Structures are given as structure tokens and as C-alpha cells.
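Below is the file structure.json, which contains JSON, C-alpha atoms and all ligand atoms.
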```json
[["chain", "number", "residue", "atom", "x", "y", "z"],
["A", 203, "MET", "CA", 4.89, -39.39, -138.08],
["A", 204, "ARG", "CA", 6.50, -36.17, -136.92],
["A", 205, "ILE", "CA", 8.51, -36.50, -133.73],
["A", 206, "SER", "CA", 6.03, -34.40, -131.73],
["A", 207, "GLU", "CA", 2.97, -36.33, -132.92],
["A", 208, "LYS", "CA", 1.26, -39.09, -130.99],
["A", 209, "SER", "CA", -0.94, -42.00, -132.02],
["A", 210, "LEU", "CA", -3.33, -43.88, -129.76],
["A", 211, "VAL", "CA", -4.99, -47.21, -130.51],
["A", 212, "ILE", "CA", -8.15, -47.57, -128.42],
["A", 213, "ILE", "CA", -9.10, -51.20, -127.81],
["A", 214, "PRO", "CA", -12.32, -51.95, -125.90],
["A", 215, "THR", "CA", -12.30, -55.30, -124.16],
["A", 216, "TYR", "CA", -14.82, -57.60, -122.60],
["A", 217, "ASN", "CA", -13.55, -61.09, -121.78],
["A", 218, "GLU", "CA", -10.57, -61.09, -124.11],
["A", 219, "LYS", "CA", -8.05, -62.99, -121.97],
["A", 220, "GLU", "CA", -7.02, -65.19, -124.91],
["A", 221, "ASN", "CA", -6.28, -62.20, -127.13],
["A", 222, "VAL", "CA", -5.24, -59.19, -125.11],
["A", 223, "GLU", "CA", -1.57, -59.94, -124.49],
["A", 224, "LYS", "CA", -1.02, -61.06, -128.08],
["A", 225, "ILE", "CA", -2.61, -57.94, -129.49],
["A", 226, "VAL", "CA", -0.62, -55.63, -127.19],
["A", 227, "ARG", "CA", 2.67, -57.31, -128.17],
["A", 228, "LYS", "CA", 1.76, -57.22, -131.84],
["A", 229, "VAL", "CA", 0.91, -53.50, -131.85],
["A", 230, "PHE", "CA", 4.11, -52.62, -130.01],
["A", 231, "SER", "CA", 6.14, -54.69, -132.48],
["A", 232, "LEU", "CA", 5.08, -52.41, -135.36],
["A", 233, "GLU", "CA", 7.45, -49.78, -136.68],
["A", 234, "THR", "CA", 5.10, -46.86, -135.98],
["A", 235, "PRO", "CA", 5.27, -45.82, -132.31],
["A", 236, "PHE", "CA", 1.64, -46.46, -131.34],
["A", 237, "GLN", "CA", 0.38, -46.15, -127.80],
["A", 238, "ILE", "CA", -2.55, -48.27, -126.61],
["A", 239, "LEU", "CA", -5.54, -47.51, -124.41],
["A", 240, "ILE", "CA", -7.48, -50.55, -123.27],
["A", 241, "ILE", "CA", -10.99, -49.86, -122.02],
["A", 242, "ASP", "CA", -12.08, -52.86, -120.02],
["A", 243, "ASP", "CA", -15.60, -53.20, -118.66],
["A", 244, "GLY", "CA", -14.83, -55.28, -115.59],
["A", 245, "SER", "CA", -14.26, -58.47, -117.62],
["A", 246, "PRO", "CA", -14.97, -61.41, -115.31],
["A", 247, "ASP", "CA", -12.21, -63.40, -117.05],
["A", 248, "GLY", "CA", -9.49, -61.08, -115.72],
["A", 249, "THR", "CA", -8.55, -59.29, -118.96],
["A", 250, "ALA", "CA", -7.62, -56.14, -117.01],
["A", 251, "THR", "CA", -5.31, -58.10, -114.70],
["A", 252, "ILE", "CA", -3.33, -59.25, -117.72],
["A", 253, "VAL", "CA", -3.04, -55.64, -118.94],
["A", 254, "ARG", "CA", -1.89, -54.45, -115.51],
["A", 255, "ARG", "CA", 0.78, -57.16, -115.51],
["A", 256, "LEU", "CA", 2.05, -55.94, -118.91],
["A", 257, "GLN", "CA", 2.08, -52.25, -118.00],
["A", 258, "PRO", "CA", 5.57, -52.11, -116.39],
["A", 259, "GLU", "CA", 7.07, -53.70, -119.52],
["A", 260, "PHE", "CA", 5.46, -51.03, -121.73],
["A", 261, "GLU", "CA", 5.69, -48.13, -119.34],
["A", 262, "GLY", "CA", 4.13, -44.89, -120.54],
["A", 263, "LYS", "CA", 2.59, -46.41, -123.63],
["A", 264, "LEU", "CA", 0.12, -49.03, -122.40],
["A", 265, "HIS", "CA", -2.82, -47.35, -120.72],
["A", 266, "LEU", "CA", -5.83, -48.92, -119.02],
["A", 267, "LEU", "CA", -9.22, -47.55, -118.10],
["A", 268, "GLU", "CA", -11.47, -49.83, -116.11],
["A", 269, "ARG", "CA", -15.22, -49.37, -115.96],
["A", 270, "GLN", "CA", -17.64, -51.12, -113.67],
["A", 271, "GLY", "CA", -19.62, -53.68, -115.65],
["A", 272, "LYS", "CA", -20.42, -54.10, -119.32],
["A", 273, "LEU", "CA", -21.48, -50.64, -120.48],
["A", 274, "GLY", "CA", -21.23, -51.22, -124.23],
["A", 275, "LEU", "CA", -18.82, -50.56, -127.06],
["A", 276, "GLY", "CA", -20.14, -47.12, -127.96],
["A", 277, "THR", "CA", -19.68, -45.55, -124.55],
["A", 278, "ALA", "CA", -16.30, -47.29, -124.20],
["A", 279, "TYR", "CA", -15.08, -45.49, -127.32],
["A", 280, "ILE", "CA", -16.59, -42.16, -126.26],
["A", 281, "THR", "CA", -14.72, -42.45, -122.96],
["A", 282, "GLY", "CA", -11.54, -43.28, -124.89],
["A", 283, "PHE", "CA", -11.99, -40.41, -127.35],
["A", 284, "LYS", "CA", -12.35, -37.90, -124.52],
["A", 285, "TRP", "CA", -9.26, -39.33, -122.81],
["A", 286, "ALA", "CA", -7.31, -38.99, -126.08],
["A", 287, "ILE", "CA", -8.48, -35.42, -126.76],
["A", 288, "GLU", "CA", -7.47, -34.28, -123.26],
["A", 289, "ARG", "CA", -3.99, -35.68, -123.85],
["A", 290, "LYS", "CA", -3.72, -34.23, -127.35],
["A", 291, "TYR", "CA", -3.16, -37.42, -129.32],
["A", 292, "ASP", "CA", -3.02, -36.55, -133.02],
["A", 293, "TYR", "CA", -4.16, -39.85, -134.54],
["A", 294, "ILE", "CA", -6.78, -41.86, -132.71],
["A", 295, "PHE", "CA", -7.60, -45.41, -133.77],
["A", 296, "GLU", "CA", -10.42, -47.84, -133.04],
["A", 297, "MET", "CA", -9.59, -51.54, -133.13],
["A", 298, "ASP", "CA", -11.23, -54.74, -131.82],
["A", 299, "CYS", "CA", -9.27, -57.04, -129.55],
["A", 300, "ASP", "CA", -10.12, -60.26, -131.40],
["A", 301, "PHE", "CA", -7.73, -60.08, -134.41],
["A", 302, "SER", "CA", -10.65, -59.59, -136.80],
["A", 303, "HIS", "CA", -8.78, -56.38, -137.49],
["A", 304, "ASN", "CA", -5.22, -57.14, -138.48],
["A", 305, "PRO", "CA", -2.93, -54.84, -136.45],
["A", 306, "ASP", "CA", -0.57, -54.60, -139.46],
["A", 307, "ASP", "CA", -3.28, -52.52, -141.14],
["A", 308, "LEU", "CA", -2.97, -49.80, -138.48],
["A", 309, "GLU", "CA", -0.06, -48.43, -140.46],
["A", 310, "ARG", "CA", -2.12, -48.28, -143.66],
["A", 311, "LEU", "CA", -4.89, -46.40, -141.88],
["A", 312, "PHE", "CA", -2.31, -44.08, -140.41],
["A", 313, "ILE", "CA", -0.80, -43.33, -143.83],
["A", 314, "ALA", "CA", -4.24, -42.45, -145.24],
["A", 315, "VAL", "CA", -4.80, -39.86, -142.50],
["A", 316, "TYR", "CA", -1.22, -38.64, -142.61],
["A", 317, "ASN", "CA", -1.71, -38.00, -146.32],
["A", 318, "GLY", "CA", -4.77, -35.84, -145.82],
["A", 319, "ALA", "CA", -7.84, -37.86, -144.83],
["A", 320, "ASP", "CA", -9.66, -36.83, -141.64],
["A", 321, "LEU", "CA", -11.07, -40.30, -141.13],
["A", 322, "ALA", "CA", -9.67, -43.53, -142.59],
["A", 323, "ILE", "CA", -11.92, -46.59, -142.50],
["A", 324, "GLY", "CA", -10.63, -50.15, -142.79],
["A", 325, "SER", "CA", -13.18, -51.31, -145.33],
["A", 326, "ARG", "CA", -14.30, -54.87, -146.05],
["A", 327, "TYR", "CA", -16.40, -53.91, -149.05],
["A", 328, "ILE", "CA", -14.33, -51.48, -151.09],
["A", 329, "SER", "CA", -12.98, -54.12, -153.46],
["A", 330, "GLY", "CA", -15.42, -57.04, -153.42],
["A", 331, "ILE", "CA", -16.28, -58.70, -150.10],
["A", 332, "ASN", "CA", -13.21, -59.36, -147.98],
["A", 333, "VAL", "CA", -14.46, -61.31, -145.00],
["A", 334, "ILE", "CA", -12.92, -64.61, -143.95],
["A", 335, "ASN", "CA", -14.66, -67.33, -141.94],
["A", 336, "TRP", "CA", -17.95, -65.60, -141.24],
["A", 337, "PRO", "CA", -21.01, -67.73, -142.00],
["A", 338, "LEU", "CA", -22.60, -66.62, -145.27],
["A", 339, "GLY", "CA", -25.69, -65.31, -143.45],
["A", 340, "ARG", "CA", -23.61, -62.94, -141.37],
["A", 341, "VAL", "CA", -21.62, -61.68, -144.35],
["A", 342, "LEU", "CA", -24.84, -60.98, -146.24],
["A", 343, "MET", "CA", -26.41, -59.28, -143.24],
["A", 344, "SER", "CA", -23.40, -57.04, -142.80],
["A", 345, "TYR", "CA", -23.13, -56.24, -146.50],
["A", 346, "PHE", "CA", -26.80, -55.42, -146.90],
["A", 347, "ALA", "CA", -26.79, -53.44, -143.67],
["A", 348, "SER", "CA", -24.21, -51.22, -145.40],
["A", 349, "VAL", "CA", -26.41, -50.94, -148.50],
["A", 350, "TYR", "CA", -29.36, -49.97, -146.27],
["A", 351, "VAL", "CA", -27.34, -47.34, -144.43],
["A", 352, "ARG", "CA", -26.08, -45.87, -147.69],
["A", 353, "MET", "CA", -29.62, -45.61, -148.99],
["A", 354, "VAL", "CA", -31.00, -44.02, -145.84],
["A", 355, "THR", "CA", -28.16, -41.62, -145.13],
["A", 356, "GLY", "CA", -26.82, -40.83, -148.58],
["A", 357, "MET", "CA", -23.23, -41.40, -147.39],
["A", 358, "LYS", "CA", -20.96, -42.77, -150.11],
["A", 359, "ILE", "CA", -19.24, -45.21, -147.77],
["A", 360, "MET", "CA", -19.09, -48.90, -148.69],
["A", 361, "ASP", "CA", -18.47, -50.29, -145.20],
["A", 362, "THR", "CA", -20.71, -48.20, -142.97],
["A", 363, "THR", "CA", -20.55, -50.45, -139.90],
["A", 364, "ALA", "CA", -16.76, -50.87, -139.92],
["A", 365, "GLY", "CA", -15.09, -50.56, -136.54],
["A", 366, "PHE", "CA", -11.45, -50.33, -137.64],
["A", 367, "LYS", "CA", -10.70, -46.66, -138.08],
["A", 368, "CYS", "CA", -8.29, -43.79, -137.64],
["A", 369, "PHE", "CA", -9.52, -40.30, -136.78],
["A", 370, "ARG", "CA", -7.58, -37.10, -136.94],
["A", 371, "ARG", "CA", -8.06, -35.48, -133.50],
["A", 372, "ASN", "CA", -9.79, -32.46, -134.98],
["A", 373, "VAL", "CA", -12.73, -34.65, -136.06],
["A", 374, "LEU", "CA", -13.36, -35.90, -132.54],
["A", 375, "GLU", "CA", -13.04, -32.36, -131.18],
["A", 376, "THR", "CA", -15.59, -31.10, -133.69],
["A", 377, "ILE", "CA", -18.27, -33.76, -133.31],
["A", 378, "ASN", "CA", -20.36, -33.40, -130.17],
["A", 379, "LEU", "CA", -19.46, -36.71, -128.53],
["A", 380, "ASP", "CA", -22.15, -36.31, -125.87],
["A", 381, "ASP", "CA", -24.69, -36.33, -128.65],
["A", 382, "ILE", "CA", -23.79, -39.78, -130.00],
["A", 383, "ARG", "CA", -26.74, -41.99, -129.08],
["A", 384, "LEU", "CA", -26.30, -45.38, -130.70],
["A", 385, "LYS", "CA", -24.32, -47.99, -128.86],
["A", 386, "GLY", "CA", -23.62, -51.16, -130.86],
["A", 387, "TYR", "CA", -22.98, -51.27, -134.62],
["A", 388, "GLY", "CA", -25.16, -48.19, -134.70],
["A", 389, "PHE", "CA", -22.40, -46.33, -132.91],
["A", 390, "GLN", "CA", -20.03, -47.00, -135.79],
["A", 391, "ILE", "CA", -22.60, -45.76, -138.29],
["A", 392, "GLU", "CA", -23.41, -42.64, -136.28],
["A", 393, "MET", "CA", -19.74, -41.65, -135.94],
["A", 394, "LYS", "CA", -19.30, -41.86, -139.70],
["A", 395, "PHE", "CA", -22.53, -39.97, -140.33],
["A", 396, "LYS", "CA", -21.58, -37.11, -138.02],
["A", 397, "THR", "CA", -18.06, -36.98, -139.52],
["A", 398, "TRP", "CA", -19.51, -36.85, -143.00],
["A", 399, "LYS", "CA", -22.14, -34.24, -142.09],
["A", 400, "SER", "CA", -19.39, -32.04, -140.68],
["A", 401, "GLY", "CA", -17.69, -32.05, -144.08],
["A", 402, "PHE", "CA", -14.60, -34.04, -143.19],
["A", 403, "LYS", "CA", -12.67, -36.05, -145.75],
["A", 404, "ILE", "CA", -13.31, -39.78, -145.40],
["A", 405, "VAL", "CA", -11.16, -42.42, -147.13],
["A", 406, "GLU", "CA", -11.76, -46.16, -147.21],
["A", 407, "VAL", "CA", -8.70, -48.40, -147.07],
["A", 408, "PRO", "CA", -9.31, -52.00, -148.20],
["A", 409, "ILE", "CA", -8.71, -54.59, -145.48],
["A", 410, "ILE", "CA", -9.33, -58.28, -145.03],
["A", 411, "PHE", "CA", -11.51, -58.99, -142.00],
["A", 412, "THR", "CA", -11.16, -62.39, -140.33],
["A", 413, "ASP", "CA", -13.62, -63.89, -137.86],
["A", 414, "ARG", "CA", -12.29, -64.18, -134.33],
["A", 415, "LYS", "CA", -10.39, -67.39, -133.60],
["A", 416, "GLU", "CA", -10.44, -67.14, -129.81],
["A", 417, "GLY", "CA", -12.84, -65.76, -127.26],
["A", 418, "THR", "CA", -16.56, -65.25, -127.77],
["A", 419, "SER", "CA", -18.73, -62.87, -129.77],
["A", 420, "LYS", "CA", -20.71, -60.10, -128.10],
["A", 421, "MET", "CA", -22.96, -59.49, -131.11],
["A", 422, "SER", "CA", -26.69, -59.61, -130.27],
["A", 423, "GLY", "CA", -30.09, -59.13, -131.88],
["A", 424, "GLY", "CA", -30.65, -56.01, -129.77],
["A", 425, "ILE", "CA", -27.59, -54.37, -131.31],
["A", 426, "PHE", "CA", -28.96, -55.14, -134.76],
["A", 427, "SER", "CA", -32.42, -53.68, -134.21],
["A", 428, "GLU", "CA", -30.98, -50.62, -132.49],
["A", 429, "ALA", "CA", -28.98, -49.95, -135.65],
["A", 430, "LEU", "CA", -31.94, -50.64, -137.96],
["A", 431, "TRP", "CA", -34.24, -48.08, -136.32],
["A", 432, "GLY", "CA", -31.50, -45.83, -135.03],
["A", 433, "VAL", "CA", -30.29, -45.01, -138.54],
["A", 434, "LEU", "CA", -33.75, -43.81, -139.59],
["A", 435, "LYS", "CA", -34.06, -41.72, -136.46],
["A", 436, "MET", "CA", -30.58, -40.29, -136.89],
["A", 437, "LYS", "CA", -31.32, -39.25, -140.47],
["A", 438, "ALA", "CA", -34.69, -37.73, -139.54],
["A", 439, "GLU", "CA", -33.12, -35.74, -136.71],
["A", 440, "SER", "CA", -30.44, -34.41, -139.04],
["A", 441, "TRP", "CA", -33.21, -32.79, -141.10],
["A", 442, "VAL", "CA", -34.97, -31.29, -138.11],
["A", 443, "LYS", "CA", -31.95, -29.94, -136.27],
["A", 444, "PRO", "CA", -28.78, -30.00, -138.36],
["A", 445, "LYS", "CA", -26.27, -30.68, -135.59],
["A", 446, "LYS", "CA", -22.67, -31.82, -135.68],
["A", 501, "LIG", "N1", -15.29, -52.26, -123.03],
["A", 501, "LIG", "C1", -16.17, -52.99, -123.73],
["A", 501, "LIG", "N2", -15.73, -53.72, -124.79],
["A", 501, "LIG", "C2", -16.64, -54.46, -125.47],
["A", 501, "LIG", "C3", -18.01, -54.51, -125.14],
["A", 501, "LIG", "N3", -18.64, -55.34, -126.03],
["A", 501, "LIG", "C4", -17.69, -55.78, -126.88],
["A", 501, "LIG", "N4", -16.47, -55.26, -126.55],
["A", 501, "LIG", "C5", -15.18, -55.42, -127.25],
["A", 501, "LIG", "O1", -15.36, -54.81, -128.51],
["A", 501, "LIG", "C6", -14.68, -55.54, -129.53],
["A", 501, "LIG", "C7", -15.68, -56.03, -130.56],
["A", 501, "LIG", "O2", -16.54, -56.98, -129.97],
["A", 501, "LIG", "P1", -16.87, -58.43, -130.60],
["A", 501, "LIG", "O3", -17.34, -59.36, -129.57],
["A", 501, "LIG", "O4", -15.71, -58.89, -131.41],
["A", 501, "LIG", "O5", -18.07, -58.08, -131.45],
["A", 501, "LIG", "P2", -18.22, -58.22, -132.94],
["A", 501, "LIG", "O6", -16.93, -57.89, -133.61],
["A", 501, "LIG", "O7", -19.41, -57.42, -133.24],
["A", 501, "LIG", "O8", -18.61, -59.74, -133.12],
["A", 501, "LIG", "P3", -17.65, -61.03, -133.30],
["A", 501, "LIG", "O9", -16.38, -60.58, -133.93],
["A", 501, "LIG", "O10", -18.44, -61.95, -134.06],
["A", 501, "LIG", "O11", -17.36, -61.56, -131.97],
["A", 501, "LIG", "C8", -13.94, -56.65, -128.81],
["A", 501, "LIG", "O12", -12.65, -56.20, -128.53],
["A", 501, "LIG", "C9", -14.77, -56.84, -127.54],
["A", 501, "LIG", "O13", -14.01, -57.38, -126.49],
["A", 501, "LIG", "C10", -18.43, -53.75, -123.99],
["A", 501, "LIG", "O14", -19.60, -53.72, -123.62],
["A", 501, "LIG", "N5", -17.48, -53.01, -123.35],
["A", 502, "MG", "MG", -15.24, -59.10, -133.38]]
```
What does the file become when written as C-alpha cells?
Amino acid sequence: MRISEKSLVIIPTYNEKENVEKIVRKVFSLETPFQILIIDDGSPDGTATIVRRLQPEFEGKLHLLERQGKLGLGTAYITGFKWAIERKYDYIFEMDCDFSHNPDDLERLFIAVYNGADLAIGSRYISGINVINWPLGRVLMSYFASVYVRMVTGMKIMDTTAGFKCFRRNVLETINLDDIRLKGYGFQIEMKFKTWKSGFKIVEVPIIFTDRKEGTSKMSGGIFSEALWGVLKMKAESWVKPKK
């Protein structure tokens, strides 16, 4: 990274008290000088309190935005993207707080964008199926969800629901963030679709995804059906009014 450039890892949290301190320490132990923005939705377990306690130790590089109540992953990231654009971060990452995404891979995503990609995706399905400890049903659902999205949208992306990514700032400035509708996994699909439609270069970097060891899942049936129908709607709308 050039000396003037800045990288921000956005981590949305909801009840991640078992993970948040570990993930912060791990990211700051990497060689690349990442900054972190935690977006906490009023976690009842006190996740934000832990972050506030850590802030003096990591002054100027550990940021916290607190929202009132659980408003969803999609809007958490949109809030984070806008925050990052205003402050002119050059490389903007998405990462879960549950160690499903290995923080060591941040540097591999960074290198892909540094070397010319506009969006780098940490991909579970680029070389086989690299998911550890998920029940078979969930792996299959996720894999075939990606097949479905590829068929509907025409995108040549193997892991369309992936949530471990690095954007070049320009991408987030170009896409109309206020126009992103889907909130759960659908949000991840819609971001890729709009990036692809805008003609940006997308690269998939193979990663190994591991099921969370601590804390609890926020996945729900509602998120799934939103994505199922949302993808069809998104594609249909892109024919009617080709928007960024
Ligand atoms: N700010 C915010 N963060 C959320 C919300 N829902 C989930 N998260 C965080 O988003 C990340 C991904 O959520 P997970 O619960 O791991 O969901 P998942 O990865 O789909 O499912 P599992 O890994 O099986 O638990 C984690 O860091 C969560 O704490 C939310 O409504 N608001
Ligand atoms: Mg998870």
C-alpha cells in the first residue's frame, strides 16, 4: 500500500462478545495497516462496550458506529460504506465478526485489488467447495443458491452470496448506495450485481470458510426467501430501467 492510502475493514456486529476483541487484535496484528469500523446494532450482550474499552489502545484506527436496535446487515454495510467514502478510504473491506472469514485472507483480497481488480471476493466455490463444519444441507443450499443466482443474473461469479470482500472506493462511489434494496444474503448478491453491471473488474480469491465456533447465527428463513425473490426482481428491474 502506498503511504498515503488507507484501508478500512468494516465489521458489522450483533451479539459478538465472544469474538469481537479477538478479531480486532488479530486484524491489528497483520502487517498491512488496516483500520477497523465496527457497526454495532445495540447488541444486548455489550459488544459495543468491549469495543469502546479497546479504543484507547488502538487510537485513531478502531472506529465504532452504534445504531439503535437490530437494523440488518445490509443497512449496516451501507452506513459503513458512506462513512468510508466521506473519509476517503481507498480500500474498503467487508468481513464477518465470527471468524468464518479468516482475517489473514484480508491481505490476499487487498493484493487482488491493489493489482487491478475493482472488487475482490473471498470465494468458497472457486476451487471445489471450501466450507468447513457447515452441515451438508447448508453447504448445498449455499452452493445451489450461487448456481441459481448465476443462472438468473448471468454473472460469472462462483460465490455470489459471499460476504468477505474488498472494494476499491471508486466502486462504492459509482453505485447508487441508496438504491440497494436487499438486506440479508440478498444484499451481498445485489452489491455484486450492481458492481458487475457498472462494468467493474471482479476477481474471486479462493478462501476456506469455517463455521463460527462461538456466538450464535443470525441466519433466518426470511433472509433466504428475500434473496430468492429479490434476485428475480432485481434482474427484471435491470431490464426496465438500467440503473447503476
Ligand atoms: N450490525 C449488524 N450486524 C449484524 C446483523 N446481523 C448479523 N450481523 C453480523 O453480521 C455478521 C454475519 O452474521 P452471522 O450471524 O455470522 O450470519 P451468517 O454468517 O449468515 O450465519 P452463521 O455464520 O451461520 O452464523 C456477524 O458479524 C454478525 O454479528 C445486524 O442486524 N446488524
Ligand atoms: Mg457467520
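Atom CA of Val333 of chain A sits 18.0 Å away from atom CA of Arg310 of chain A.
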Tell me, counting only C-alpha atoms and all ligand atoms, for each residue of chain A within 12 Å of ligand MG 502 (chain A), which pair of atoms is nearest and how far apart they are in Å to one decimal, in rows ordered by chain and increasing number, as a tab-separated table.
```
residue	atom	partner	partner_atom	distance
A:Ile213	CA	A:MG502	MG	11.5
A:Pro214	CA	A:MG502	MG	10.8
A:Thr215	CA	A:MG502	MG	10.4
A:Tyr216	CA	A:MG502	MG	10.9
A:Asn217	CA	A:MG502	MG	11.9
A:Glu218	CA	A:MG502	MG	10.6
A:Asn221	CA	A:MG502	MG	11.4
A:Leu275	CA	A:MG502	MG	11.2
A:Met297	CA	A:MG502	MG	9.4
A:Asp298	CA	A:MG502	MG	6.1
A:Cys299	CA	A:MG502	MG	7.4
A:Asp300	CA	A:MG502	MG	5.6
A:Phe301	CA	A:MG502	MG	7.6
A:Ser302	CA	A:MG502	MG	5.7
A:His303	CA	A:MG502	MG	8.1
A:Asn304	CA	A:MG502	MG	11.4
A:Val333	CA	A:MG502	MG	11.9
A:Asn335	CA	A:MG502	MG	11.9
A:Trp336	CA	A:MG502	MG	10.6
A:Ala364	CA	A:MG502	MG	10.6
A:Gly365	CA	A:MG502	MG	9.1
A:Phe366	CA	A:MG502	MG	10.5
A:Gly386	CA	A:MG502	MG	11.8
A:Tyr387	CA	A:MG502	MG	11.1
A:Phe411	CA	A:MG502	MG	9.4
A:Thr412	CA	A:MG502	MG	8.7
A:Asp413	CA	A:MG502	MG	6.8
A:Arg414	CA	A:MG502	MG	6.0
A:Lys415	CA	A:MG502	MG	9.6
A:Glu416	CA	A:MG502	MG	10.0
A:Gly417	CA	A:MG502	MG	9.4
A:Thr418	CA	A:MG502	MG	8.4
A:Ser419	CA	A:MG502	MG	6.3
A:Lys420	CA	A:MG502	MG	7.7
A:Met421	CA	A:MG502	MG	8.1
A:Ser422	CA	A:MG502	MG	11.9
```
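If you measure from each of A:Ile241, A:Ile404, A:Ala347, A:Met393 to Asp380 of chain A using only C-alpha atoms, the closest one turns out to be A:Met393.
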Which residue out of A:Val405, A:Ile252, A:Leu266, A:Val229 has the minimum interatomic distance to ligand LIG 501 (chain A) when only C-alpha atoms and all ligand atoms are used? A:Leu266
Calculate how many Å separate atom CA of Lys208 of chain A from atom CA of Tyr291 of chain A, rounding to one decimal. 5.0 Å
Got a minute to add N, CA and C atoms to segment 294-320 of chain A and dump it as a PDB file, in the frame of the given file?
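Produced file part.pdb, reproduced below:
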```pdb
ATOM      1  N   ILE A 294      -6.071 -41.047-133.706  1.00  0.00           N
ATOM      2  CA  ILE A 294      -6.780 -41.860-132.710  1.00  0.00           C
ATOM      3  C   ILE A 294      -7.489 -43.002-133.439  1.00  0.00           C
ATOM      4  N   PHE A 295      -7.128 -44.217-133.056  1.00  0.00           N
ATOM      5  CA  PHE A 295      -7.600 -45.410-133.770  1.00  0.00           C
ATOM      6  C   PHE A 295      -8.631 -46.171-132.949  1.00  0.00           C
ATOM      7  N   GLU A 296      -9.510 -46.873-133.650  1.00  0.00           N
ATOM      8  CA  GLU A 296     -10.420 -47.840-133.040  1.00  0.00           C
ATOM      9  C   GLU A 296     -10.024 -49.218-133.554  1.00  0.00           C
ATOM     10  N   MET A 297      -9.892 -50.175-132.667  1.00  0.00           N
ATOM     11  CA  MET A 297      -9.590 -51.540-133.130  1.00  0.00           C
ATOM     12  C   MET A 297     -10.171 -52.565-132.148  1.00  0.00           C
ATOM     13  N   ASP A 298     -10.747 -53.653-132.672  1.00  0.00           N
ATOM     14  CA  ASP A 298     -11.230 -54.740-131.820  1.00  0.00           C
ATOM     15  C   ASP A 298     -10.056 -55.537-131.269  1.00  0.00           C
ATOM     16  N   CYS A 299     -10.339 -56.275-130.197  1.00  0.00           N
ATOM     17  CA  CYS A 299      -9.270 -57.040-129.550  1.00  0.00           C
ATOM     18  C   CYS A 299      -9.219 -58.488-130.032  1.00  0.00           C
ATOM     19  N   ASP A 300      -9.976 -58.829-131.067  1.00  0.00           N
ATOM     20  CA  ASP A 300     -10.120 -60.260-131.400  1.00  0.00           C
ATOM     21  C   ASP A 300      -9.392 -60.678-132.682  1.00  0.00           C
ATOM     22  N   PHE A 301      -8.507 -59.810-133.180  1.00  0.00           N
ATOM     23  CA  PHE A 301      -7.730 -60.080-134.410  1.00  0.00           C
ATOM     24  C   PHE A 301      -8.589 -60.155-135.666  1.00  0.00           C
ATOM     25  N   SER A 302      -9.874 -59.760-135.568  1.00  0.00           N
ATOM     26  CA  SER A 302     -10.650 -59.590-136.800  1.00  0.00           C
ATOM     27  C   SER A 302     -10.028 -58.461-137.603  1.00  0.00           C
ATOM     28  N   HIS A 303      -9.526 -57.476-136.876  1.00  0.00           N
ATOM     29  CA  HIS A 303      -8.780 -56.380-137.490  1.00  0.00           C
ATOM     30  C   HIS A 303      -7.306 -56.723-137.368  1.00  0.00           C
ATOM     31  N   ASN A 304      -6.627 -56.771-138.478  1.00  0.00           N
ATOM     32  CA  ASN A 304      -5.220 -57.140-138.480  1.00  0.00           C
ATOM     33  C   ASN A 304      -4.380 -55.915-138.050  1.00  0.00           C
ATOM     34  N   PRO A 305      -3.679 -56.016-136.920  1.00  0.00           N
ATOM     35  CA  PRO A 305      -2.930 -54.840-136.450  1.00  0.00           C
ATOM     36  C   PRO A 305      -1.942 -54.282-137.477  1.00  0.00           C
ATOM     37  N   ASP A 306      -1.472 -55.116-138.406  1.00  0.00           N
ATOM     38  CA  ASP A 306      -0.570 -54.600-139.460  1.00  0.00           C
ATOM     39  C   ASP A 306      -1.243 -53.472-140.260  1.00  0.00           C
ATOM     40  N   ASP A 307      -2.568 -53.535-140.362  1.00  0.00           N
ATOM     41  CA  ASP A 307      -3.280 -52.520-141.140  1.00  0.00           C
ATOM     42  C   ASP A 307      -3.352 -51.162-140.453  1.00  0.00           C
ATOM     43  N   LEU A 308      -2.997 -51.104-139.172  1.00  0.00           N
ATOM     44  CA  LEU A 308      -2.970 -49.800-138.480  1.00  0.00           C
ATOM     45  C   LEU A 308      -2.103 -48.824-139.250  1.00  0.00           C
ATOM     46  N   GLU A 309      -0.998 -49.326-139.767  1.00  0.00           N
ATOM     47  CA  GLU A 309      -0.060 -48.430-140.460  1.00  0.00           C
ATOM     48  C   GLU A 309      -0.654 -47.924-141.770  1.00  0.00           C
ATOM     49  N   ARG A 310      -1.473 -48.734-142.417  1.00  0.00           N
ATOM     50  CA  ARG A 310      -2.120 -48.280-143.660  1.00  0.00           C
ATOM     51  C   ARG A 310      -3.184 -47.226-143.376  1.00  0.00           C
ATOM     52  N   LEU A 311      -3.905 -47.416-142.278  1.00  0.00           N
ATOM     53  CA  LEU A 311      -4.890 -46.400-141.880  1.00  0.00           C
ATOM     54  C   LEU A 311      -4.179 -45.098-141.533  1.00  0.00           C
ATOM     55  N   PHE A 312      -3.083 -45.255-140.807  1.00  0.00           N
ATOM     56  CA  PHE A 312      -2.310 -44.080-140.410  1.00  0.00           C
ATOM     57  C   PHE A 312      -1.850 -43.294-141.640  1.00  0.00           C
ATOM     58  N   ILE A 313      -1.318 -43.999-142.632  1.00  0.00           N
ATOM     59  CA  ILE A 313      -0.800 -43.330-143.830  1.00  0.00           C
ATOM     60  C   ILE A 313      -1.912 -42.545-144.540  1.00  0.00           C
ATOM     61  N   ALA A 314      -3.122 -43.136-144.579  1.00  0.00           N
ATOM     62  CA  ALA A 314      -4.240 -42.450-145.240  1.00  0.00           C
ATOM     63  C   ALA A 314      -4.538 -41.117-144.547  1.00  0.00           C
ATOM     64  N   VAL A 315      -4.512 -41.103-143.226  1.00  0.00           N
ATOM     65  CA  VAL A 315      -4.800 -39.860-142.500  1.00  0.00           C
ATOM     66  C   VAL A 315      -3.598 -38.907-142.596  1.00  0.00           C
ATOM     67  N   TYR A 316      -2.430 -39.458-142.492  1.00  0.00           N
ATOM     68  CA  TYR A 316      -1.220 -38.640-142.610  1.00  0.00           C
ATOM     69  C   TYR A 316      -1.197 -37.902-143.952  1.00  0.00           C
ATOM     70  N   ASN A 317      -1.705 -38.594-144.978  1.00  0.00           N
ATOM     71  CA  ASN A 317      -1.710 -38.000-146.320  1.00  0.00           C
ATOM     72  C   ASN A 317      -2.936 -37.147-146.598  1.00  0.00           C
ATOM     73  N   GLY A 318      -3.717 -36.838-145.583  1.00  0.00           N
ATOM     74  CA  GLY A 318      -4.770 -35.840-145.820  1.00  0.00           C
ATOM     75  C   GLY A 318      -6.188 -36.217-145.464  1.00  0.00           C
ATOM     76  N   ALA A 319      -6.478 -37.512-145.230  1.00  0.00           N
ATOM     77  CA  ALA A 319      -7.840 -37.860-144.830  1.00  0.00           C
ATOM     78  C   ALA A 319      -8.069 -37.399-143.381  1.00  0.00           C
ATOM     79  N   ASP A 320      -9.329 -37.145-143.044  1.00  0.00           N
ATOM     80  CA  ASP A 320      -9.660 -36.830-141.640  1.00  0.00           C
ATOM     81  C   ASP A 320     -10.084 -38.098-140.911  1.00  0.00           C
TER      82      ASP A 320
END
```
